[in-house]
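Student: Next comes run.cif, mmCIF, C-alpha atoms:
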data_final
loop_
_atom_site.group_PDB
_atom_site.id
_atom_site.type_symbol
_atom_site.label_atom_id
_atom_site.label_comp_id
_atom_site.auth_asym_id
_atom_site.auth_seq_id
_atom_site.Cartn_x
_atom_site.Cartn_y
_atom_site.Cartn_z
ATOM 1 C CA MET L 697 73.682 200.131 125.339
ATOM 2 C CA GLY L 698 71.233 197.310 126.000
ATOM 3 C CA LEU L 699 69.827 196.056 129.260
ATOM 4 C CA HIS L 700 71.649 193.593 131.516
ATOM 5 C CA ARG L 701 70.993 189.982 130.580
ATOM 6 C CA LEU L 702 71.492 188.545 134.062
ATOM 7 C CA TYR L 703 71.528 189.688 137.667
ATOM 8 C CA LYS L 704 73.484 186.619 138.779
ATOM 9 C CA ALA L 705 74.955 184.029 136.441
ATOM 10 C CA GLY L 706 74.230 180.338 136.952
ATOM 11 C CA VAL L 707 70.842 180.942 138.585
ATOM 12 C CA ILE L 708 67.403 180.419 137.043
ATOM 13 C CA GLU L 709 66.042 183.960 137.231
ATOM 14 C CA ALA L 710 62.455 185.038 136.663
ATOM 15 C CA GLY L 711 61.731 188.687 136.006
ATOM 16 C CA CYS L 712 58.435 189.999 137.397
ATOM 17 C CA ASP L 713 56.504 193.173 136.670
ATOM 18 C CA GLU L 714 52.931 194.431 136.697
ATOM 19 C CA ALA L 715 50.734 196.733 134.642
ATOM 20 C CA GLY L 716 47.682 198.743 135.568
ATOM 21 C CA ARG L 717 48.573 199.811 139.063
ATOM 22 C CA GLY L 718 47.626 203.446 138.450
ATOM 23 C CA CYS L 719 44.371 202.717 136.629
ATOM 24 C CA LEU L 720 40.863 203.657 137.705
ATOM 25 C CA ALA L 721 39.344 200.497 136.235
ATOM 26 C CA GLY L 722 40.158 196.903 135.421
ATOM 27 C CA PRO L 723 42.543 194.383 136.949
ATOM 28 C CA VAL L 724 46.192 194.704 137.797
ATOM 29 C CA VAL L 725 48.063 192.215 135.608
ATOM 30 C CA ALA L 726 51.496 190.749 136.319
ATOM 31 C CA ALA L 727 53.879 188.604 134.311
ATOM 32 C CA ALA L 728 56.789 186.366 135.238
ATOM 33 C CA VAL L 729 59.363 185.469 132.582
ATOM 34 C CA ILE L 730 62.412 183.208 132.525
ATOM 35 C CA LEU L 731 64.498 184.064 129.479
ATOM 36 C CA ASN L 732 67.040 181.741 127.930
ATOM 37 C CA PRO L 733 70.325 182.852 129.583
ATOM 38 C CA GLU L 734 72.230 181.828 126.454
ATOM 39 C CA LYS L 735 70.420 184.433 124.351
ATOM 40 C CA ASP L 736 70.669 188.204 124.260
ATOM 41 C CA TYR L 737 67.680 190.424 123.519
ATOM 42 C CA PRO L 738 69.050 193.941 122.940
ATOM 43 C CA GLN L 739 65.667 195.127 121.626
ATOM 44 C CA LEU L 740 64.003 194.607 125.025
ATOM 45 C CA ASN L 741 63.199 197.689 127.061
ATOM 46 C CA ASP L 742 60.723 199.081 129.559
ATOM 47 C CA SER L 743 57.315 198.526 127.925
ATOM 48 C CA LYS L 744 56.404 202.197 128.464
ATOM 49 C CA LYS L 745 59.293 203.219 126.181
ATOM 50 C CA LEU L 746 58.134 201.016 123.300
ATOM 51 C CA THR L 747 55.411 201.540 120.727
ATOM 52 C CA ALA L 748 52.337 199.306 120.811
ATOM 53 C CA ALA L 749 53.526 197.632 117.596
ATOM 54 C CA ASN L 750 56.972 196.941 119.075
ATOM 55 C CA ARG L 751 55.423 195.514 122.235
ATOM 56 C CA GLU L 752 53.317 193.112 120.186
ATOM 57 C CA GLN L 753 56.311 191.985 118.131
ATOM 58 C CA LEU L 754 58.351 191.402 121.273
ATOM 59 C CA ARG L 755 55.472 189.627 123.007
ATOM 60 C CA ILE L 756 55.501 186.989 120.286
ATOM 61 C CA ILE L 757 59.278 186.544 120.600
ATOM 62 C CA ILE L 758 59.143 186.343 124.408
ATOM 63 C CA GLU L 759 56.360 183.756 124.399
ATOM 64 C CA LYS L 760 58.121 181.668 121.752
ATOM 65 C CA GLU L 761 61.721 181.794 122.974
ATOM 66 C CA SER L 762 61.591 182.155 126.768
ATOM 67 C CA LEU L 763 62.152 179.079 128.926
ATOM 68 C CA ALA L 764 58.919 179.839 130.782
ATOM 69 C CA TRP L 765 56.396 182.644 131.103
ATOM 70 C CA ALA L 766 53.072 183.151 132.859
ATOM 71 C CA ILE L 767 50.421 185.778 133.528
ATOM 72 C CA GLY L 768 48.598 186.485 136.798
ATOM 73 C CA SER L 769 46.019 189.099 137.716
ATOM 74 C CA ALA L 770 43.973 190.533 140.559
ATOM 75 C CA SER L 771 40.507 191.900 139.854
ATOM 76 C CA ALA L 772 39.124 195.337 140.656
ATOM 77 C CA GLY L 773 37.164 193.701 143.480
ATOM 78 C CA GLU L 774 40.318 192.182 144.945
ATOM 79 C CA ILE L 775 42.082 195.529 144.653
ATOM 80 C CA ASP L 776 39.245 197.092 146.672
ATOM 81 C CA GLN L 777 39.506 194.377 149.314
ATOM 82 C CA ILE L 778 43.263 194.295 149.912
ATOM 83 C CA ASN L 779 44.556 197.567 148.298
ATOM 84 C CA ILE L 780 46.440 198.028 145.050
ATOM 85 C CA LEU L 781 49.913 197.305 146.452
ATOM 86 C CA GLN L 782 48.897 193.953 147.953
ATOM 87 C CA ALA L 783 46.895 193.147 144.816
ATOM 88 C CA SER L 784 50.020 193.769 142.721
ATOM 89 C CA PHE L 785 51.931 191.274 144.867
ATOM 90 C CA LEU L 786 49.049 188.801 144.583
ATOM 91 C CA ALA L 787 49.052 189.080 140.787
ATOM 92 C CA MET L 788 52.832 188.484 140.730
ATOM 93 C CA HIS L 789 52.477 185.453 143.010
ATOM 94 C CA ARG L 790 49.807 184.030 140.708
ATOM 95 C CA ALA L 791 52.086 184.486 137.710
ATOM 96 C CA ILE L 792 55.089 182.893 139.453
ATOM 97 C CA GLU L 793 52.937 179.972 140.586
ATOM 98 C CA GLN L 794 52.039 179.142 136.981
ATOM 99 C CA LEU L 795 55.599 179.043 135.651
ATOM 100 C CA LYS L 796 56.372 175.629 134.184
ATOM 101 C CA LEU L 797 60.004 175.979 135.262
ATOM 102 C CA LYS L 798 60.675 176.757 138.910
ATOM 103 C CA PRO L 799 62.873 179.841 139.322
ATOM 104 C CA GLU L 800 65.676 179.960 141.852
ATOM 105 C CA SER L 801 65.592 183.743 142.104
ATOM 106 C CA LEU L 802 63.058 186.480 141.380
ATOM 107 C CA LEU L 803 63.880 189.927 139.993
ATOM 108 C CA ILE L 804 61.068 192.268 141.006
ATOM 109 C CA ASP L 805 60.477 195.655 139.437
ATOM 110 C CA GLY L 806 60.023 198.166 142.268
ATOM 111 C CA ASN L 807 61.133 198.623 145.846
ATOM 112 C CA ARG L 808 58.818 196.252 147.717
ATOM 113 C CA PHE L 809 57.614 192.666 147.471
ATOM 114 C CA VAL L 810 56.103 189.955 149.633
ATOM 115 C CA ALA L 811 58.326 186.872 149.458
ATOM 116 C CA TYR L 812 56.971 183.999 147.380
ATOM 117 C CA LYS L 813 57.465 180.699 149.235
ATOM 118 C CA GLU L 814 61.162 179.966 149.717
ATOM 119 C CA ILE L 815 62.392 181.644 146.529
ATOM 120 C CA THR L 816 64.832 184.485 147.068
ATOM 121 C CA HIS L 817 64.022 187.816 145.464
ATOM 122 C CA GLN L 818 65.701 191.076 144.601
ATOM 123 C CA CYS L 819 63.722 194.324 144.307
ATOM 124 C CA ILE L 820 65.121 196.667 141.660
ATOM 125 C CA ILE L 821 63.774 200.192 141.251
ATOM 126 C CA GLY L 822 63.381 200.890 137.541
ATOM 127 C CA GLY L 823 64.215 197.261 136.870
ATOM 128 C CA ASP L 824 62.201 197.161 133.658
ATOM 129 C CA GLY L 825 64.752 199.575 132.193
ATOM 130 C CA LEU L 826 67.761 197.699 133.577
ATOM 131 C CA TYR L 827 67.261 193.925 133.177
ATOM 132 C CA GLN L 828 66.018 192.014 130.157
ATOM 133 C CA THR L 829 63.942 189.536 132.181
ATOM 134 C CA ILE L 830 62.029 192.296 133.951
ATOM 135 C CA ALA L 831 61.583 194.195 130.684
ATOM 136 C CA ALA L 832 60.154 191.026 129.125
ATOM 137 C CA ALA L 833 57.726 190.693 132.038
ATOM 138 C CA SER L 834 56.693 194.340 131.688
ATOM 139 C CA ILE L 835 55.936 193.793 127.993
ATOM 140 C CA LEU L 836 53.796 190.710 128.625
ATOM 141 C CA ALA L 837 51.938 192.348 131.513
ATOM 142 C CA LYS L 838 51.251 195.487 129.463
ATOM 143 C CA THR L 839 50.137 193.709 126.287
ATOM 144 C CA TYR L 840 47.888 191.255 128.134
ATOM 145 C CA ARG L 841 46.275 193.983 130.194
ATOM 146 C CA ASP L 842 45.748 196.182 127.139
ATOM 147 C CA THR L 843 44.025 193.263 125.397
ATOM 148 C CA LEU L 844 41.724 192.796 128.402
ATOM 149 C CA MET L 845 40.793 196.473 128.501
ATOM 150 C CA ILE L 846 40.105 196.620 124.762
ATOM 151 C CA ALA L 847 37.769 193.633 125.189
ATOM 152 C CA ALA L 848 36.105 195.368 128.161
ATOM 153 C CA HIS L 849 35.630 198.446 125.964
ATOM 154 C CA ASN L 850 33.149 196.449 123.903
ATOM 155 C CA ASP L 851 30.949 196.101 127.000
ATOM 156 C CA TYR L 852 31.470 199.647 128.270
ATOM 157 C CA PRO L 853 32.355 201.790 125.222
ATOM 158 C CA GLU L 854 31.443 205.078 126.898
ATOM 159 C CA TYR L 855 34.676 205.125 128.949
ATOM 160 C CA GLY L 856 37.075 204.908 125.994
ATOM 161 C CA TRP L 857 39.107 202.026 127.387
ATOM 162 C CA ASP L 858 40.284 201.122 123.887
ATOM 163 C CA LYS L 859 42.345 204.319 124.074
ATOM 164 C CA ASN L 860 43.011 205.026 127.777
ATOM 165 C CA LYS L 861 43.129 201.376 128.982
ATOM 166 C CA GLY L 862 41.507 202.470 132.256
ATOM 167 C CA TYR L 863 44.056 205.136 133.151
ATOM 168 C CA PRO L 864 42.803 208.467 134.590
ATOM 169 C CA THR L 865 42.710 210.582 131.448
ATOM 170 C CA ARG L 866 40.521 213.655 131.248
ATOM 171 C CA ALA L 867 38.151 211.884 128.840
ATOM 172 C CA HIS L 868 37.869 208.905 131.178
ATOM 173 C CA LYS L 869 37.103 211.119 134.174
ATOM 174 C CA ASN L 870 34.537 213.086 132.179
ATOM 175 C CA ALA L 871 32.825 209.845 131.153
ATOM 176 C CA ILE L 872 32.645 208.738 134.802
ATOM 177 C CA ALA L 873 31.125 212.102 135.740
ATOM 178 C CA ILE L 874 28.443 211.587 133.095
ATOM 179 C CA TYR L 875 27.756 207.843 133.272
ATOM 180 C CA GLY L 876 28.881 206.948 136.799
ATOM 181 C CA LEU L 877 31.038 203.953 137.671
ATOM 182 C CA SER L 878 31.018 200.622 135.850
ATOM 183 C CA PRO L 879 31.347 197.228 137.586
ATOM 184 C CA LEU L 880 35.010 197.230 136.525
ATOM 185 C CA HIS L 881 35.908 200.486 138.248
ATOM 186 C CA ARG L 882 37.915 200.314 141.464
ATOM 187 C CA LEU L 883 35.716 201.555 144.286
ATOM 188 C CA SER L 884 38.660 202.092 146.648
ATOM 189 C CA PHE L 885 39.725 205.257 144.838
ATOM 190 C CA ASN L 886 38.885 208.604 146.406
ATOM 191 C CA TRP L 887 36.535 209.481 143.587
ATOM 192 C CA GLY L 888 35.672 212.941 144.850
ATOM 193 C CA LYS L 889 39.342 213.850 144.683
ATOM 194 C CA GLN L 890 39.850 212.073 141.358
ATOM 195 C CA LEU L 891 36.991 213.849 139.612
ATOM 196 C CA LYS L 892 37.096 217.083 141.644
ATOM 197 C CA LEU L 893 33.379 216.793 142.267
ATOM 198 C CA LYS L 894 31.065 215.183 144.769
ATOM 199 C CA MET L 895 29.918 211.763 143.705
#
Do you think you could lay out the structure here as structure tokens?
Tutor:
Amino acid sequence: MGLHRLYKAGVIEAGCDEAGRGCLAGPVVAAAVILNPEKDYPQLNDSKKLTAANREQLRIIIEKESLAWAIGSASAGEIDQINILQASFLAMHRAIEQLKLKPESLLIDGNRFVAYKEITHQCIIGGDGLYQTIAAASILAKTYRDTLMIAAHNDYPEYGWDKNKGYPTRAHKNAIAIYGLSPLHRLSFNWGKQLKLKM
């Protein structure tokens, strides 16, 4: 059984999701997507449940066939300044702001959100596995963030971001213990706890 196409019929809905919230390095990236309500996309699913190849194939379809889509991000520095939750909201707001078609309603993956202007919103826990528009946003956010981290790997190859994308893998933590923090690492983490050593 596929995901729901719509939350409410007759309304221009934008699905919103982010990627990179649990990472040690790099930005948090959000996407906002307005799918064509006349079309069904049964192949869409939570980006975490898809292979990298499937995500790339779907990214192309989403960008080509959606009524509007946009990407927003908040840097590691902004995450340190306002915390990761607020930075996630900021990234979503930046994505929504860039949509070429104004949505009448926002479907947000998760249980919290800061309202964007006068647009109504609905928070949906596990929304990327329930609604096609949110799933589409999760795919764009994930693929764009992965591309950014692979590019950053070229500047800082010692951390293995081409494989871990900035997430707290054992190899990533070991590299930090050896080489220290890069300019793209989030300083607001409790690094002593993360690495189980005194920094």
Student: Extract, using all atoms listed in the file, all DNA, RNA and protein residues at most 12 Å from Glu734 in chain L, discarding same-chain residues fewer than 4 positions from it, and format them as an NGL selection string.
Tutor: :L and (701-702 or 705-706 or 708 or 730 or 761-763)
Student: Pick from L:Arg882, L:Ala832, L:Thr865, L:Met788: nearest to Glu759 in chain L, with all atoms listed in the file counted?
Tutor: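 Ranking L:Arg882, L:Ala832, L:Thr865, L:Met788 by distance to Glu759 in chain L, first place goes to L:Ala832.
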Student: Kindly give the distance, in Å, that separates CA of Gln777 in chain L and CA of Lys796 in chain L, rounded to a single decimal.
Tutor: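 Atom-to-atom, CA of Gln777 in chain L and CA of Lys796 in chain L are spaced 29.4 Å apart.
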Student: Which residues would end up in the selection if the PyMOL selection byres ((chain L and resi 699) around 10) were applied here, given that I need the answer as a list in words?
Tutor: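 When the PyMOL selection byres ((chain L and resi 699) around 10) is applied, the selected residues are Met697, Gly698, His700, Arg701, Leu702, Asp736, Tyr737, Pro738, Gln739, Leu740, Asn741, Asp742, Gly823, Asp824, Gly825, Leu826, Tyr827, Gln828, Thr829, Ile830 and Ala831 of chain L.
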Student: Give as a PyMOL selection string the residues that the PyMOL selection byres ((chain L and resi 769) around 12) matches when applied to the coordinates above.
Tutor: chain L and resi 713-717+722-728+766-768+770-775+780+782-794+837-838+840-841+844
Student: Could you write those residues out with C-alpha atoms, as a compact mmCIF listing (two decimals), keeping the file's coordinate frame?
Tutor:
# COMPACT_ATOMS: atom_id res chain seq x y z
CA ASP L 713 56.50 193.17 136.67
CA GLU L 714 52.93 194.43 136.70
CA ALA L 715 50.73 196.73 134.64
CA GLY L 716 47.68 198.74 135.57
CA ARG L 717 48.57 199.81 139.06
CA GLY L 722 40.16 196.90 135.42
CA PRO L 723 42.54 194.38 136.95
CA VAL L 724 46.19 194.70 137.80
CA VAL L 725 48.06 192.22 135.61
CA ALA L 726 51.50 190.75 136.32
CA ALA L 727 53.88 188.60 134.31
CA ALA L 728 56.79 186.37 135.24
CA ALA L 766 53.07 183.15 132.86
CA ILE L 767 50.42 185.78 133.53
CA GLY L 768 48.60 186.48 136.80
CA ALA L 770 43.97 190.53 140.56
CA SER L 771 40.51 191.90 139.85
CA ALA L 772 39.12 195.34 140.66
CA GLY L 773 37.16 193.70 143.48
CA GLU L 774 40.32 192.18 144.94
CA ILE L 775 42.08 195.53 144.65
CA ILE L 780 46.44 198.03 145.05
CA GLN L 782 48.90 193.95 147.95
CA ALA L 783 46.90 193.15 144.82
CA SER L 784 50.02 193.77 142.72
CA PHE L 785 51.93 191.27 144.87
CA LEU L 786 49.05 188.80 144.58
CA ALA L 787 49.05 189.08 140.79
CA MET L 788 52.83 188.48 140.73
CA HIS L 789 52.48 185.45 143.01
CA ARG L 790 49.81 184.03 140.71
CA ALA L 791 52.09 184.49 137.71
CA ILE L 792 55.09 182.89 139.45
CA GLU L 793 52.94 179.97 140.59
CA GLN L 794 52.04 179.14 136.98
CA ALA L 837 51.94 192.35 131.51
CA LYS L 838 51.25 195.49 129.46
CA TYR L 840 47.89 191.26 128.13
CA ARG L 841 46.28 193.98 130.19
CA LEU L 844 41.72 192.80 128.40
Student: What does the distance from CA of Ala710 in chain L to CA of Ala847 in chain L come to in Å, to one decimal?
Tutor: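 CA of Ala847 in chain L lies 28.5 Å from CA of Ala710 in chain L.
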Student: I'd like the neighbourhood of Tyr852 in chain L as a PDB file with C-alpha atoms, in the coordinates of the input, where a residue qualifies if any of its atoms comes within 12 Å (using all atoms listed in the file), though same-chain residues fewer than 6 positions away should be ignored.
Tutor:
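For reference, selection.pdb as written:
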ATOM      1  CA  ALA L 721      39.344 200.497 136.235  1.00  0.00           C
ATOM      2  CA  GLY L 722      40.158 196.903 135.421  1.00  0.00           C
ATOM      3  CA  MET L 845      40.793 196.473 128.501  1.00  0.00           C
ATOM      4  CA  ILE L 846      40.105 196.620 124.762  1.00  0.00           C
ATOM      5  CA  ASP L 858      40.284 201.122 123.887  1.00  0.00           C
ATOM      6  CA  LYS L 861      43.129 201.376 128.982  1.00  0.00           C
ATOM      7  CA  GLY L 862      41.507 202.470 132.256  1.00  0.00           C
ATOM      8  CA  HIS L 868      37.869 208.905 131.178  1.00  0.00           C
ATOM      9  CA  ALA L 871      32.825 209.845 131.153  1.00  0.00           C
ATOM     10  CA  ILE L 872      32.645 208.738 134.802  1.00  0.00           C
ATOM     11  CA  TYR L 875      27.756 207.843 133.272  1.00  0.00           C
ATOM     12  CA  GLY L 876      28.881 206.948 136.799  1.00  0.00           C
ATOM     13  CA  LEU L 877      31.038 203.953 137.671  1.00  0.00           C
ATOM     14  CA  SER L 878      31.018 200.622 135.850  1.00  0.00           C
ATOM     15  CA  PRO L 879      31.347 197.228 137.586  1.00  0.00           C
ATOM     16  CA  LEU L 880      35.010 197.230 136.525  1.00  0.00           C
ATOM     17  CA  HIS L 881      35.908 200.486 138.248  1.00  0.00           C
TER      18      HIS L 881
END
Student: Given the file above and the PyMOL selection byres ((chain L and resi 808) around 10), which residues are selected, and can you give them as a list in words?
Tutor: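 For this structure, the PyMOL selection byres ((chain L and resi 808) around 10) resolves to Leu781, Phe785, Ile804, Asp805, Gly806, Asn807, Phe809, Val810, Ala811, Gln818, Cys819, Ile820 and Ile821 of chain L.
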Student: By how many Å are CA of Val729 in chain L and CA of Ser743 in chain L apart?
Tutor: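 Straight-line distance from CA of Val729 in chain L to CA of Ser743 in chain L works out to 14.0 Å.
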Student: With distances taken over all atoms listed in the file, which of L:Leu883, L:Glu800, L:Cys719, L:Trp765 is nearest to Trp857 in chain L?
Tutor: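 When distances to Trp857 in chain L are compared using all atoms listed in the file, the smallest one comes from L:Cys719.
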Student: Please determine, counting all atoms listed in the file, which residue among L:Ser884, L:Lys859, L:Pro864, L:Ile835 has the shortest atom-to-atom distance to Gln753 in chain L.
Tutor: L:Ile835
Student: Using all atoms listed in the file, can you tell me which of L:Leu836, L:Ile778, L:Ala764, L:Ala848 comes closest to Pro799 in chain L?
Tutor: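 Residue with the minimum atom-to-atom distance to Pro799 in chain L: L:Ala764.
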Student: When you look at Val707 in chain L with a cut-off of 12 Å (counting all atoms listed in the file), what residues show up, excluding the ones that are within fewer than 3 positions of it in the same chain? I need them as a PDB file with C-alpha atoms, in the coordinates of the input.
Tutor:
ATOM      1  CA  LEU L 702      71.492 188.545 134.062  1.00  0.00           C
ATOM      2  CA  TYR L 703      71.528 189.688 137.667  1.00  0.00           C
ATOM      3  CA  LYS L 704      73.484 186.619 138.779  1.00  0.00           C
ATOM      4  CA  ALA L 710      62.455 185.038 136.663  1.00  0.00           C
ATOM      5  CA  ILE L 730      62.412 183.208 132.525  1.00  0.00           C
ATOM      6  CA  LEU L 731      64.498 184.064 129.479  1.00  0.00           C
ATOM      7  CA  ASN L 732      67.040 181.741 127.930  1.00  0.00           C
ATOM      8  CA  PRO L 733      70.325 182.852 129.583  1.00  0.00           C
ATOM      9  CA  LYS L 798      60.675 176.757 138.910  1.00  0.00           C
ATOM     10  CA  PRO L 799      62.873 179.841 139.322  1.00  0.00           C
ATOM     11  CA  GLU L 800      65.676 179.960 141.852  1.00  0.00           C
ATOM     12  CA  SER L 801      65.592 183.743 142.104  1.00  0.00           C
ATOM     13  CA  LEU L 802      63.058 186.480 141.380  1.00  0.00           C
ATOM     14  CA  LEU L 803      63.880 189.927 139.993  1.00  0.00           C
ATOM     15  CA  ILE L 815      62.392 181.644 146.529  1.00  0.00           C
ATOM     16  CA  THR L 816      64.832 184.485 147.068  1.00  0.00           C
ATOM     17  CA  HIS L 817      64.022 187.816 145.464  1.00  0.00           C
TER      18      HIS L 817
END
Student: Save N, CA and C atoms of range 784-814 of chain L from the block above as an mmCIF file, in the first residue's frame.
Tutor:
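part16.cif was written with the following content:
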data_model
loop_
_atom_site.group_PDB
_atom_site.id
_atom_site.type_symbol
_atom_site.label_atom_id
_atom_site.label_comp_id
_atom_site.auth_asym_id
_atom_site.auth_seq_id
_atom_site.Cartn_x
_atom_site.Cartn_y
_atom_site.Cartn_z
ATOM 1 N N SER L 784 16.642 23.699 12.235
ATOM 2 C CA SER L 784 15.819 22.887 11.335
ATOM 3 C C SER L 784 14.608 23.681 10.861
ATOM 4 N N PHE L 785 13.976 24.403 11.783
ATOM 5 C CA PHE L 785 12.842 25.256 11.404
ATOM 6 C C PHE L 785 13.288 26.351 10.440
ATOM 7 N N LEU L 786 14.450 26.940 10.710
ATOM 8 C CA LEU L 786 14.975 28.003 9.852
ATOM 9 C C LEU L 786 15.213 27.487 8.436
ATOM 10 N N ALA L 787 15.794 26.300 8.331
ATOM 11 C CA ALA L 787 16.048 25.704 7.014
ATOM 12 C C ALA L 787 14.728 25.459 6.277
ATOM 13 N N MET L 788 13.712 24.974 7.000
ATOM 14 C CA MET L 788 12.394 24.758 6.378
ATOM 15 C C MET L 788 11.797 26.080 5.915
ATOM 16 N N HIS L 789 11.878 27.107 6.745
ATOM 17 C CA HIS L 789 11.356 28.424 6.365
ATOM 18 C C HIS L 789 12.043 28.930 5.104
ATOM 19 N N ARG L 790 13.349 28.739 5.022
ATOM 20 C CA ARG L 790 14.091 29.193 3.839
ATOM 21 C C ARG L 790 13.662 28.432 2.595
ATOM 22 N N ALA L 791 13.361 27.154 2.744
ATOM 23 C CA ALA L 791 12.878 26.378 1.603
ATOM 24 C C ALA L 791 11.486 26.855 1.175
ATOM 25 N N ILE L 792 10.591 27.011 2.139
ATOM 26 C CA ILE L 792 9.220 27.453 1.835
ATOM 27 C C ILE L 792 9.234 28.813 1.150
ATOM 28 N N GLU L 793 10.099 29.688 1.627
ATOM 29 C CA GLU L 793 10.186 31.053 1.088
ATOM 30 C C GLU L 793 10.559 31.066 -0.387
ATOM 31 N N GLN L 794 11.292 30.061 -0.825
ATOM 32 C CA GLN L 794 11.765 30.019 -2.218
ATOM 33 C C GLN L 794 10.805 29.321 -3.174
ATOM 34 N N LEU L 795 9.731 28.749 -2.656
ATOM 35 C CA LEU L 795 8.779 28.079 -3.546
ATOM 36 C C LEU L 795 8.181 29.071 -4.545
ATOM 37 N N LYS L 796 8.123 28.686 -5.786
ATOM 38 C CA LYS L 796 7.586 29.564 -6.828
ATOM 39 C C LYS L 796 6.061 29.593 -6.828
ATOM 40 N N LEU L 797 5.459 28.628 -6.156
ATOM 41 C CA LEU L 797 4.009 28.584 -5.982
ATOM 42 C C LEU L 797 3.730 28.663 -4.483
ATOM 43 N N LYS L 798 2.872 29.584 -4.089
ATOM 44 C CA LYS L 798 2.615 29.762 -2.659
ATOM 45 C C LYS L 798 1.685 28.667 -2.142
ATOM 46 N N PRO L 799 2.119 27.912 -1.146
ATOM 47 C CA PRO L 799 1.239 26.872 -0.593
ATOM 48 C C PRO L 799 0.168 27.469 0.316
ATOM 49 N N GLU L 800 -0.933 26.756 0.409
ATOM 50 C CA GLU L 800 -2.009 27.164 1.314
ATOM 51 C C GLU L 800 -1.943 26.402 2.630
ATOM 52 N N SER L 801 -1.196 25.303 2.616
ATOM 53 C CA SER L 801 -1.043 24.483 3.816
ATOM 54 C C SER L 801 0.314 23.790 3.774
ATOM 55 N N LEU L 802 0.903 23.597 4.950
ATOM 56 C CA LEU L 802 2.198 22.937 5.058
ATOM 57 C C LEU L 802 2.047 21.636 5.832
ATOM 58 N N LEU L 803 2.617 20.565 5.296
ATOM 59 C CA LEU L 803 2.670 19.282 6.003
ATOM 60 C C LEU L 803 4.101 19.092 6.489
ATOM 61 N N ILE L 804 4.277 19.109 7.792
ATOM 62 C CA ILE L 804 5.611 19.089 8.397
ATOM 63 C C ILE L 804 5.895 17.716 8.987
ATOM 64 N N ASP L 805 7.035 17.146 8.626
ATOM 65 C CA ASP L 805 7.431 15.887 9.247
ATOM 66 C C ASP L 805 7.920 16.165 10.669
ATOM 67 N N GLY L 806 7.319 15.510 11.664
ATOM 68 C CA GLY L 806 7.738 15.718 13.042
ATOM 69 C C GLY L 806 6.592 16.205 13.904
ATOM 70 N N ASN L 807 6.928 16.553 15.133
ATOM 71 C CA ASN L 807 5.873 16.941 16.086
ATOM 72 C C ASN L 807 5.903 18.409 16.478
ATOM 73 N N ARG L 808 6.863 19.169 15.917
ATOM 74 C CA ARG L 808 6.935 20.590 16.269
ATOM 75 C C ARG L 808 7.337 21.424 15.061
ATOM 76 N N PHE L 809 6.877 22.672 15.058
ATOM 77 C CA PHE L 809 7.215 23.591 13.969
ATOM 78 C C PHE L 809 6.903 25.010 14.419
ATOM 79 N N VAL L 810 7.650 25.948 13.906
ATOM 80 C CA VAL L 810 7.366 27.367 14.127
ATOM 81 C C VAL L 810 6.610 27.866 12.901
ATOM 82 N N ALA L 811 5.426 28.384 13.094
ATOM 83 C CA ALA L 811 4.564 28.792 11.981
ATOM 84 C C ALA L 811 5.298 29.699 11.001
ATOM 85 N N TYR L 812 5.061 29.467 9.717
ATOM 86 C CA TYR L 812 5.650 30.301 8.672
ATOM 87 C C TYR L 812 4.594 31.281 8.168
ATOM 88 N N LYS L 813 4.796 32.559 8.500
ATOM 89 C CA LYS L 813 3.866 33.629 8.107
ATOM 90 C C LYS L 813 2.436 33.219 8.457
ATOM 91 N N GLU L 814 1.518 33.389 7.509
ATOM 92 C CA GLU L 814 0.113 33.113 7.821
ATOM 93 C C GLU L 814 -0.334 31.745 7.312
#
